[in-house]
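Visitor: This is the structure, below, for whatever I ask next.
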Amino acid sequence: MFGTESSLSMFLNTLTPKFYVALTGTSSLISGLILIFEWWYFRKYGTSFIEQVSVSHLRPLLGGVDSSSPSNSNTSNGEADSNRQSVSECKVWRNPLNLFRGAEYNRYTWVTGREPLTYYDMNLSAQDHQTFFTCDSDHLRPADAIMQKAWRERNPQARISAAHEALELEESRSSPPLLSSCSCATAYILLAEEEATTIMEAERLFKQALKAGEGCYRRSQQLQHHGTQYEAQHRRDTNVLVYIKRRLAMCSRKLGRTREAVKMMRDLCVFQLMKEFPLLSMFNIHENLLESLLELQNYADVQAVLAKYDDISLPKSATICYTAALLKARAVSDKFSPEAASRRGLSTAEMNAVEAIHRAVEFNPHVPKYLLEMKSLILPPEHILKRGDSEAIAYAFFHLQHWKRVEGALNLLHCTWEGTFRMIPYPLEKGHLFYPYPICTETADRELLPTVFHEVSVYPKKELPFFILFTAGLCSFTAMLALLTHQFPELMGVFAKAFLSTLFAPLNFIMEKVESILPSSLWHQLTRI
């Protein structure tokens, strides 16, 4: 026993300050490399690598629960249900107020040199166009076959050239075939969306598309019951007609003819309710109507539209939730004072307005920072993720002016929106008025938004994992030790020996007690073993 102690003491005395510098420096370097890797992994995947490996691989080895048990089977069913809910909540929707690619997005690129749309977003638009504007019988008509290829083309100039080619081919044709061609209408749509450099030019092209689209719609309507091929073509012609009318209404809205736009949107809403084609619901024309009615300050009609569409059976949106909050805030915001409210308490109308704001913030917590101009806006994408940052940008881009127009509305929002998080401290784990906040929004928004010049809003803010904090502390501590050992080698050597002696003191004490209790012969035999 005493030999072991003397050997340890001799070993500690032989250690030089250079050894301690090398030891602490190496420890600092290793912990620094681990910290860098952990931080990179967390920024890319949103979780700690060490924690993920521990949960995925070490927990089952250390006695994970049997997955075949009935209770676990119920749990896995519940997790599957929640995963299905998460997938449905993370569905990407077409932005009802999306801008014109040629007249607006491209002009932004020409001025700033930045690309406002991501490849993922444009690829989704290409898929939408193929769904809306093509059908299985297009290959029977040369002009439609050209347009079918044009919608799949990635190069914008190639798409525009194909649209011109389809128009020339259609104009050279002498008589219409039995299966009416819609290539004229869709070619004009493509040119209006991508080649037109002004809204007025886009409107002119859409009017030509409307003339061609109405003719196709009337012909296919008469033939729709003659077979599945004709029915599919009529469905396509309906989509084309609704799309053209909606974009014409948006042109009128952008050119200041808001009342004309409202009339066209009302007609489209009626048409959409009469038709039972599922694709028509993807246009969400009522959101265009709400924005135009707000521009006219026709709040009674806004309330009527909300009463029709703010229904439990319909998917919610930031437009519906925040417009409802705006209307209730409008009734009290001009006289609202936080000091007076704290003294006398909230009135019934003020309580209703605050509850509406909390409801809206719970649905999409990213919107208030854009409305309060705490975060800069960018051009909205062509697709949005409900409850995500992309939807918040799209809503605030068009509706910020309506909130500013209502006196005191932004002040009321500023005073009350953060109270939502006190009601729901952990939205990822539970919901209050809506389903729990989906965890997939950040990943989808990073695909939809140009992260090169826009920082994606994340909710709730992820706390740094324990292992990142631990390795950061370890790296800092060992780096400090290495620096001190290098500057004061003798003093740090004394401290290191004192620390190691203190560390081994309990072990030496236990060994002495064991040696005093056990017979010397037995202890001698144990030491020999």
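Here's how to read the names in the structure tokens: chain A, B, ... by the order shown, residue numbers from 1 in each chain, ligand numbers from 1 in the order shown.
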Could you pull out the residues in segment 69-318 of chain A that DSSP calls alpha helix (DSSP H) from the backbone, as a PyMOL selection string?

Guide: chain A and resi 70-89+106-112+119-133+142-152+156-171+183-190+199-223+228-254+258-274+285-295+299-309+318

Visitor: Please identify all polymer residues within 8 Å of His286 of chain A, counting only C-alpha atoms, omitting same-chain residues fewer than 4 positions from it, and present them as a list in words.

Guide: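 Neighbouring residues, sequence-local ones excluded: Met265, Cys269, Leu290, Val305 and Tyr309 of chain A.
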
Visitor: Determine the nearest neighbour of Leu169 of chain A from the options A:Met264, A:Leu33, A:Ala496, A:Ala187, counting only C-alpha atoms.

Guide: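 Distance minimum relative to Leu169 of chain A lands on A:Ala187.
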
Visitor: For a quick check of understanding, using only C-alpha atoms, which of A:Ser390, A:Thr228, A:Asn411, A:Asn288 has the smallest distance to Arg446 of chain A?

Guide: A:Ser390

Visitor: Write out as a PyMOL selection string each polymer residue whose atoms come within 12 Å of Tyr108 of chain A, counting only C-alpha atoms; drop sequence neighbours fewer than 5 positions from it.

Guide: chain A and resi 99-103+113-117+197+378-380

Visitor: Kindly save the residues from that selection, with C-alpha atoms included, as a PDB file, in the first residue's frame.

Guide:
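Written out: result-v9.pdb:
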```pdb
ATOM      1  CA  LEU A  99     -47.146  38.470 -57.083  1.00  0.00           C
ATOM      2  CA  PHE A 100     -46.615  38.441 -60.840  1.00  0.00           C
ATOM      3  CA  ARG A 101     -43.306  36.853 -61.728  1.00  0.00           C
ATOM      4  CA  GLY A 102     -42.478  39.126 -64.678  1.00  0.00           C
ATOM      5  CA  ALA A 103     -43.957  42.427 -63.515  1.00  0.00           C
ATOM      6  CA  GLY A 113     -29.661  41.647 -58.024  1.00  0.00           C
ATOM      7  CA  ARG A 114     -31.316  39.267 -55.532  1.00  0.00           C
ATOM      8  CA  GLU A 115     -33.485  36.278 -56.339  1.00  0.00           C
ATOM      9  CA  PRO A 116     -36.712  36.570 -54.292  1.00  0.00           C
ATOM     10  CA  LEU A 117     -37.894  33.033 -55.134  1.00  0.00           C
ATOM     11  CA  THR A 197     -43.001  43.712 -67.326  1.00  0.00           C
ATOM     12  CA  ILE A 378     -39.288  40.684 -47.986  1.00  0.00           C
ATOM     13  CA  LEU A 379     -41.328  39.835 -51.077  1.00  0.00           C
ATOM     14  CA  PRO A 380     -43.750  37.003 -50.221  1.00  0.00           C
TER      15      PRO A 380
END
```

Visitor: Leaving out Phe477 of chain A and any residue of its chain fewer than 5 positions from it, which residues lie within 9 Å of it when counting only C-alpha atoms, given as a list in words?

Guide: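 Result of the neighbour search: Ser28, Ala472 and Ala482 of chain A.
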
Visitor: Report, in Å with one decimal, the straight-line distance from atom CA of Glu407 of chain A to atom CA of Ser337 of chain A.

Guide: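 Separation of atom CA of Glu407 of chain A and atom CA of Ser337 of chain A: 12.4 Å.
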
Visitor: Would you please work out which residue, of A:Ala396, A:Val458, A:Leu327, A:Val367, is nearest to Ala300 of chain A when using only C-alpha atoms?

Guide: A:Leu327

Visitor: Between A:Phe49, A:Phe363, A:Tyr459, A:Tyr322, which residue has the minimum interatomic distance to Lys386 of chain A, considering only C-alpha atoms?

Guide: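 The closest residue to Lys386 of chain A is A:Phe363.
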
Visitor: Rounded to one decimal place, report the atom CA of Ala261 of chain A-atom CA of Ile160 of chain A distance in Å.

Guide: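 Atom CA of Ile160 of chain A lies 27.6 Å from atom CA of Ala261 of chain A.
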
Visitor: Neighbours of Ala196 of chain A within 12 Å (only C-alpha atoms; same-chain residues fewer than 6 positions away dropped), as a PyMOL selection string?

Guide: chain A and resi 100-107+160+188-190+202-206

Visitor: Those selected residues, please, written with N, CA and C atoms and delivered as a PDB file, in the first residue's frame.

Guide:
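What landed in again25.pdb:
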```
ATOM      1  N   PHE A 100     -46.866  38.828 -59.459  1.00  0.00           N
ATOM      2  CA  PHE A 100     -46.615  38.441 -60.840  1.00  0.00           C
ATOM      3  C   PHE A 100     -45.105  38.271 -61.033  1.00  0.00           C
ATOM      4  N   ARG A 101     -44.733  37.159 -61.642  1.00  0.00           N
ATOM      5  CA  ARG A 101     -43.306  36.853 -61.728  1.00  0.00           C
ATOM      6  C   ARG A 101     -42.565  37.841 -62.633  1.00  0.00           C
ATOM      7  N   GLY A 102     -43.160  38.214 -63.774  1.00  0.00           N
ATOM      8  CA  GLY A 102     -42.478  39.126 -64.678  1.00  0.00           C
ATOM      9  C   GLY A 102     -42.548  40.573 -64.224  1.00  0.00           C
ATOM     10  N   ALA A 103     -43.745  41.016 -63.818  1.00  0.00           N
ATOM     11  CA  ALA A 103     -43.957  42.427 -63.515  1.00  0.00           C
ATOM     12  C   ALA A 103     -43.507  42.822 -62.117  1.00  0.00           C
ATOM     13  N   GLU A 104     -43.314  41.848 -61.224  1.00  0.00           N
ATOM     14  CA  GLU A 104     -42.971  42.213 -59.840  1.00  0.00           C
ATOM     15  C   GLU A 104     -41.710  41.502 -59.353  1.00  0.00           C
ATOM     16  N   TYR A 105     -41.704  40.171 -59.369  1.00  0.00           N
ATOM     17  CA  TYR A 105     -40.522  39.458 -58.882  1.00  0.00           C
ATOM     18  C   TYR A 105     -39.286  39.777 -59.724  1.00  0.00           C
ATOM     19  N   ASN A 106     -39.435  39.739 -61.064  1.00  0.00           N
ATOM     20  CA  ASN A 106     -38.272  40.000 -61.919  1.00  0.00           C
ATOM     21  C   ASN A 106     -37.804  41.446 -61.811  1.00  0.00           C
ATOM     22  N   ARG A 107     -38.713  42.370 -61.630  1.00  0.00           N
ATOM     23  CA  ARG A 107     -38.311  43.766 -61.463  1.00  0.00           C
ATOM     24  C   ARG A 107     -37.476  43.939 -60.188  1.00  0.00           C
ATOM     25  N   ILE A 160     -41.257  30.956 -72.418  1.00  0.00           N
ATOM     26  CA  ILE A 160     -41.860  32.059 -73.168  1.00  0.00           C
ATOM     27  C   ILE A 160     -41.831  31.770 -74.672  1.00  0.00           C
ATOM     28  N   TYR A 188     -51.333  32.596 -73.232  1.00  0.00           N
ATOM     29  CA  TYR A 188     -51.471  33.987 -72.789  1.00  0.00           C
ATOM     30  C   TYR A 188     -51.224  34.110 -71.278  1.00  0.00           C
ATOM     31  N   ILE A 189     -51.665  33.097 -70.519  1.00  0.00           N
ATOM     32  CA  ILE A 189     -51.410  33.101 -69.071  1.00  0.00           C
ATOM     33  C   ILE A 189     -49.907  33.117 -68.803  1.00  0.00           C
ATOM     34  N   LEU A 190     -49.169  32.248 -69.485  1.00  0.00           N
ATOM     35  CA  LEU A 190     -47.730  32.170 -69.259  1.00  0.00           C
ATOM     36  C   LEU A 190     -47.050  33.487 -69.620  1.00  0.00           C
ATOM     37  N   ALA A 202     -49.688  42.900 -68.278  1.00  0.00           N
ATOM     38  CA  ALA A 202     -50.199  41.605 -67.825  1.00  0.00           C
ATOM     39  C   ALA A 202     -51.718  41.566 -67.930  1.00  0.00           C
ATOM     40  N   GLU A 203     -52.386  42.649 -67.572  1.00  0.00           N
ATOM     41  CA  GLU A 203     -53.853  42.700 -67.657  1.00  0.00           C
ATOM     42  C   GLU A 203     -54.311  42.549 -69.106  1.00  0.00           C
ATOM     43  N   ARG A 204     -53.616  43.208 -70.033  1.00  0.00           N
ATOM     44  CA  ARG A 204     -53.990  43.092 -71.446  1.00  0.00           C
ATOM     45  C   ARG A 204     -53.893  41.644 -71.918  1.00  0.00           C
ATOM     46  N   LEU A 205     -52.823  40.948 -71.524  1.00  0.00           N
ATOM     47  CA  LEU A 205     -52.665  39.551 -71.923  1.00  0.00           C
ATOM     48  C   LEU A 205     -53.700  38.652 -71.259  1.00  0.00           C
ATOM     49  N   PHE A 206     -54.028  38.941 -70.005  1.00  0.00           N
ATOM     50  CA  PHE A 206     -55.050  38.132 -69.327  1.00  0.00           C
ATOM     51  C   PHE A 206     -56.424  38.325 -69.950  1.00  0.00           C
TER      52      PHE A 206
END
```

Visitor: Within 9 Å of Glu418 of chain A, counting only C-alpha atoms, which residues show up once you throw out same-chain ones fewer than 4 positions away? Write them as a list of chain:residue names, please.

Guide: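 The residues satisfying every condition are A:His358, A:Val361, A:Leu413, A:His414, A:Arg422.
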
Visitor: From the options A:Ala349, A:Val494, A:Ile393, A:Leu474, which residue's atoms come nearest to Ile34 of chain A, counting only C-alpha atoms?

Guide: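 The shortest atom-to-atom distance to Ile34 of chain A comes from A:Leu474.
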
Visitor: Asp389 of chain A: which residues within 9 Å, counting only C-alpha atoms, same-chain residues fewer than 6 positions away excluded, as a PyMOL selection string?

Guide: chain A and resi 364-367+441-442+445+449+456-459

Visitor: Restricted to N, CA, C and O atoms, what would the selected residues look like written as a short mmCIF file (atom, residue, chain, number, x, y, z; two decimals), in the first residue's frame?

Guide:
```
data_model
loop_
_atom_site.label_atom_id
_atom_site.label_comp_id
_atom_site.auth_asym_id
_atom_site.auth_seq_id
_atom_site.Cartn_x
_atom_site.Cartn_y
_atom_site.Cartn_z
N ASN A 364 -50.54 31.85 -35.66
CA ASN A 364 -49.27 32.17 -36.32
C ASN A 364 -48.52 33.19 -35.49
O ASN A 364 -48.82 34.39 -35.54
N PRO A 365 -47.54 32.77 -34.70
CA PRO A 365 -46.82 33.67 -33.80
C PRO A 365 -45.78 34.54 -34.49
O PRO A 365 -45.15 35.38 -33.84
N HIS A 366 -45.55 34.34 -35.79
CA HIS A 366 -44.53 35.12 -36.50
C HIS A 366 -45.05 36.48 -36.97
O HIS A 366 -44.26 37.38 -37.23
N VAL A 367 -46.37 36.62 -37.11
CA VAL A 367 -46.95 37.81 -37.74
C VAL A 367 -46.68 39.10 -36.96
O VAL A 367 -46.33 40.13 -37.57
N THR A 441 -42.30 23.34 -39.30
CA THR A 441 -42.42 24.61 -40.02
C THR A 441 -41.07 25.21 -40.38
O THR A 441 -40.91 25.76 -41.47
N GLU A 442 -40.10 25.13 -39.48
CA GLU A 442 -38.81 25.76 -39.75
C GLU A 442 -38.15 25.15 -40.98
O GLU A 442 -37.65 25.87 -41.85
N ASP A 445 -40.06 26.27 -44.14
CA ASP A 445 -39.86 27.69 -44.43
C ASP A 445 -38.46 27.97 -44.97
O ASP A 445 -38.28 28.88 -45.79
N LEU A 449 -38.23 30.19 -48.36
CA LEU A 449 -37.77 31.58 -48.24
C LEU A 449 -36.29 31.69 -48.58
O LEU A 449 -35.51 30.77 -48.32
N VAL A 456 -34.89 33.32 -41.19
CA VAL A 456 -36.19 32.68 -40.97
C VAL A 456 -36.57 32.79 -39.50
O VAL A 456 -35.77 32.51 -38.61
N SER A 457 -37.79 33.23 -39.26
CA SER A 457 -38.31 33.32 -37.90
C SER A 457 -38.63 31.93 -37.38
O SER A 457 -39.29 31.14 -38.06
N VAL A 458 -38.14 31.61 -36.20
CA VAL A 458 -38.33 30.29 -35.60
C VAL A 458 -39.15 30.45 -34.34
O VAL A 458 -38.89 31.32 -33.51
N TYR A 459 -40.18 29.62 -34.20
CA TYR A 459 -41.01 29.66 -33.01
C TYR A 459 -41.34 28.24 -32.58
O TYR A 459 -41.72 27.42 -33.42
#
```

Visitor: Provide the atom CA of Phe421 of chain A to atom CA of His402 of chain A distance in Å, to one decimal place.

Guide: 25.1 Å
